[in-house]
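First comes the structure, then the notes that go with it.
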Amino acid sequence: MPVLIVNALLLAVFLVVFLSRQNYEFVIYIGVIVFFFLLILFTNKRVSYPNDVLWGLTAWSFLHMSGGGFFIGGVRLYELLLVPISETYNIFRYDQFVHIIGFAVATLMMFHLLKPLLRSDLKGWVSLSIIVVMAGLGVGALNEIIEFTATVITPETGVGGYINTSMDLVADLVGAVVAMGIVFIRERGKIGV
């Protein structure tokens with residue numbers, strides 16, 4: 001219930017902010033978040049999502065909405081360079097940080113969905129890791145398709161081109177690998193691998 005309340009409040013506040021600014025790109029993103037929020041809500045009894053994953057998704061949603069809604073020194077948070085690692089590719093931006101966090105959480109969600117299908121005598125973390133990381137990256141690819149759709153519907157979006165998409169996918173991979181490390185630490189010995 002607390003996750004439900006926090007999400008509803010966050011989405012309502014950001015919806016008002018984005019509508020008042022006529023930021024229709026992020027109104028679309030709120031619609032996508034509401035869709036997945038309802039999907040999780042209506043499947044929770046059957047799946048029983050872990051609270052840490054639900055709170056992680058809530059944090060990801062907040063970070064994403066903040067990236068499009070807040071400005072620092074006239075720069076939209078999503079465009080803010082956090083640590084100047086590379087000027088050529090604008091690494092390490094807030095956008096990449098959100099992708100790492102978000103797709104770490106998405107990968108944890110994918111593991112949770114796959115875990116009931118695993119045999120108790122399963123051996124080999126390498127194979128499992130590849131499958132779980134690829135599942136998390138599949139969610140990342142879906143996200144990029146949603147971003148592309150937003151650019152088609154509202155061409156004035158702040159979404160970049162090919163390099164931005166590639167950097168997003170690299171950040172998704174980093175997040176997925178981090179999540180798999182968390183899974184390895186938590187689950188080692190519990191599922192026989």
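Please note that chains go A, B, ... in the order of the structure tokens, that every chain numbers its residues from 1, and that ligands are numbered from 1 in the order shown.
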
Residues flagged alpha helix (DSSP H) by DSSP in chain A, as a ChimeraX atom specification:
/A:2-20,24-47,51-69,94-114,125-153,162-187

Neighbour list for stretch 41-50 of chain A as a ChimeraX atom specification, cut-off 8 Å, only C-alpha atoms, skip fewer than 6 positions in-chain:
/A:109,112-113

Filtering to N, CA and C atoms, could you give me those residues as an mmCIF file, in the first residue's frame?
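The result, written out as again_21.cif:
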```cif
data_model
loop_
_atom_site.group_PDB
_atom_site.id
_atom_site.type_symbol
_atom_site.label_atom_id
_atom_site.label_comp_id
_atom_site.auth_asym_id
_atom_site.auth_seq_id
_atom_site.Cartn_x
_atom_site.Cartn_y
_atom_site.Cartn_z
ATOM 1 N N MET A 109 13.848 -7.381 -11.597
ATOM 2 C CA MET A 109 12.468 -7.792 -11.856
ATOM 3 C C MET A 109 12.444 -9.013 -12.776
ATOM 4 N N HIS A 112 13.344 -12.050 -10.866
ATOM 5 C CA HIS A 112 12.236 -12.472 -10.001
ATOM 6 C C HIS A 112 11.170 -13.209 -10.809
ATOM 7 N N LEU A 113 10.908 -12.748 -12.038
ATOM 8 C CA LEU A 113 9.921 -13.411 -12.884
ATOM 9 C C LEU A 113 10.415 -14.770 -13.382
#
```

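For stretch 173-181 of chain A, the set of protein, DNA and RNA residues having any atom at most 9 Å away, when counting only C-alpha atoms and skipping those fewer than 3 positions along the same chain, is His99, Ile100, Ile101, Gly102, Phe103, Ala104, Val105, Ala106, Thr107, Leu108, Phe111, Ser129, Val132, Val133, Met134, Ala135, Gly136, Leu137, Gly140, Asp168, Leu169, Val170, Phe184, Ile185 and Arg186 of chain A.
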
Residue selection dump (C-alpha atoms) as an mmCIF file, in the first residue's frame:
```
data_model
loop_
_atom_site.group_PDB
_atom_site.id
_atom_site.type_symbol
_atom_site.label_atom_id
_atom_site.label_comp_id
_atom_site.auth_asym_id
_atom_site.auth_seq_id
_atom_site.Cartn_x
_atom_site.Cartn_y
_atom_site.Cartn_z
ATOM 1 C CA HIS A 99 19.519 4.144 -17.080
ATOM 2 C CA ILE A 100 21.983 2.287 -14.837
ATOM 3 C CA ILE A 101 19.627 2.449 -11.844
ATOM 4 C CA GLY A 102 16.510 1.752 -13.880
ATOM 5 C CA PHE A 103 17.781 -1.235 -15.771
ATOM 6 C CA ALA A 104 19.439 -2.692 -12.712
ATOM 7 C CA VAL A 105 15.959 -2.694 -11.163
ATOM 8 C CA ALA A 106 14.390 -4.008 -14.397
ATOM 9 C CA THR A 107 16.926 -6.837 -14.438
ATOM 10 C CA LEU A 108 16.131 -7.689 -10.811
ATOM 11 C CA PHE A 111 15.192 -12.443 -12.376
ATOM 12 C CA SER A 129 23.575 -14.609 -15.875
ATOM 13 C CA VAL A 132 18.900 -12.612 -16.940
ATOM 14 C CA VAL A 133 21.135 -9.823 -18.272
ATOM 15 C CA MET A 134 19.661 -10.274 -21.751
ATOM 16 C CA ALA A 135 16.142 -10.118 -20.274
ATOM 17 C CA GLY A 136 17.042 -6.828 -18.570
ATOM 18 C CA LEU A 137 18.497 -5.529 -21.840
ATOM 19 C CA GLY A 140 16.061 -1.533 -22.158
ATOM 20 C CA ASP A 168 21.569 4.493 -23.096
ATOM 21 C CA LEU A 169 21.995 0.835 -24.083
ATOM 22 C CA VAL A 170 25.547 0.756 -22.696
ATOM 23 C CA PHE A 184 24.623 -13.673 -7.349
ATOM 24 C CA ILE A 185 25.329 -12.373 -3.837
ATOM 25 C CA ARG A 186 21.717 -12.831 -2.658
#
```

All strand (DSSP E or B) residues (DSSP, backbone) inside stretch 69-144 of chain A, as a list in words:
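Assigned to strand (DSSP E or B), within stretch 69-144 of chain A: Phe71, Ile72, Val75, Arg76, Leu81, Leu82, Val83, Pro84, Ile85, Ser86, Ile91, Phe92 and Arg93 of chain A.
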
Tell me which protein, DNA and RNA residues are within 10 Å of A:Ala59, counting only C-alpha atoms, leaving out same-chain ones fewer than 4 positions away, and put them as JSON, numbers by chain.
{"A": [7, 53, 54, 55, 63, 64, 65, 98, 101, 102, 105]}

Rank nothing, just name the residue among A:Asp172, A:Asp95, A:Glu147, A:Asp52 nearest to A:Leu81, using only C-alpha atoms.
A:Asp95

Distance in Å - atom CA of A:Leu142 versus atom CA of A:Thr88
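Distance between the two atoms: 26.2 Å.
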
Find the spatial neighbours of A:Val17, counting only C-alpha atoms, within a cut-off of 12 Å - ignore same-chain residues fewer than 2 positions away - and output them as a PyMOL selection string.
chain A and resi 10-15+19-24+26-27+30+65-66+68-70

Can you work out the spacing between atom CA of A:Trp60 and atom CA of A:Thr165 in Å, to one decimal?
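Interatomic distance, atom CA of A:Trp60 to atom CA of A:Thr165: 18.2 Å.
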
Can you work out which one of A:Leu38, A:Ile163, A:Leu4, A:Ile182 has the shortest atom-to-atom distance to A:Tyr89, counting only C-alpha atoms?
A:Ile163

Proximity to A:Ser86 - best of A:Gly56, A:Met167, A:Phe18, A:Asn143, only C-alpha atoms
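Among the listed residues, A:Met167 lies closest to A:Ser86.
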
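The space separating atom CA of A:Val183 from atom CA of A:Ala171 comes to 18.4 Å.
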
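Between A:Ala8 and the residues A:Glu87, A:Gly74, A:Asn164, A:Phe37, the shortest atom-to-atom distance, using only C-alpha atoms, involves A:Phe37.
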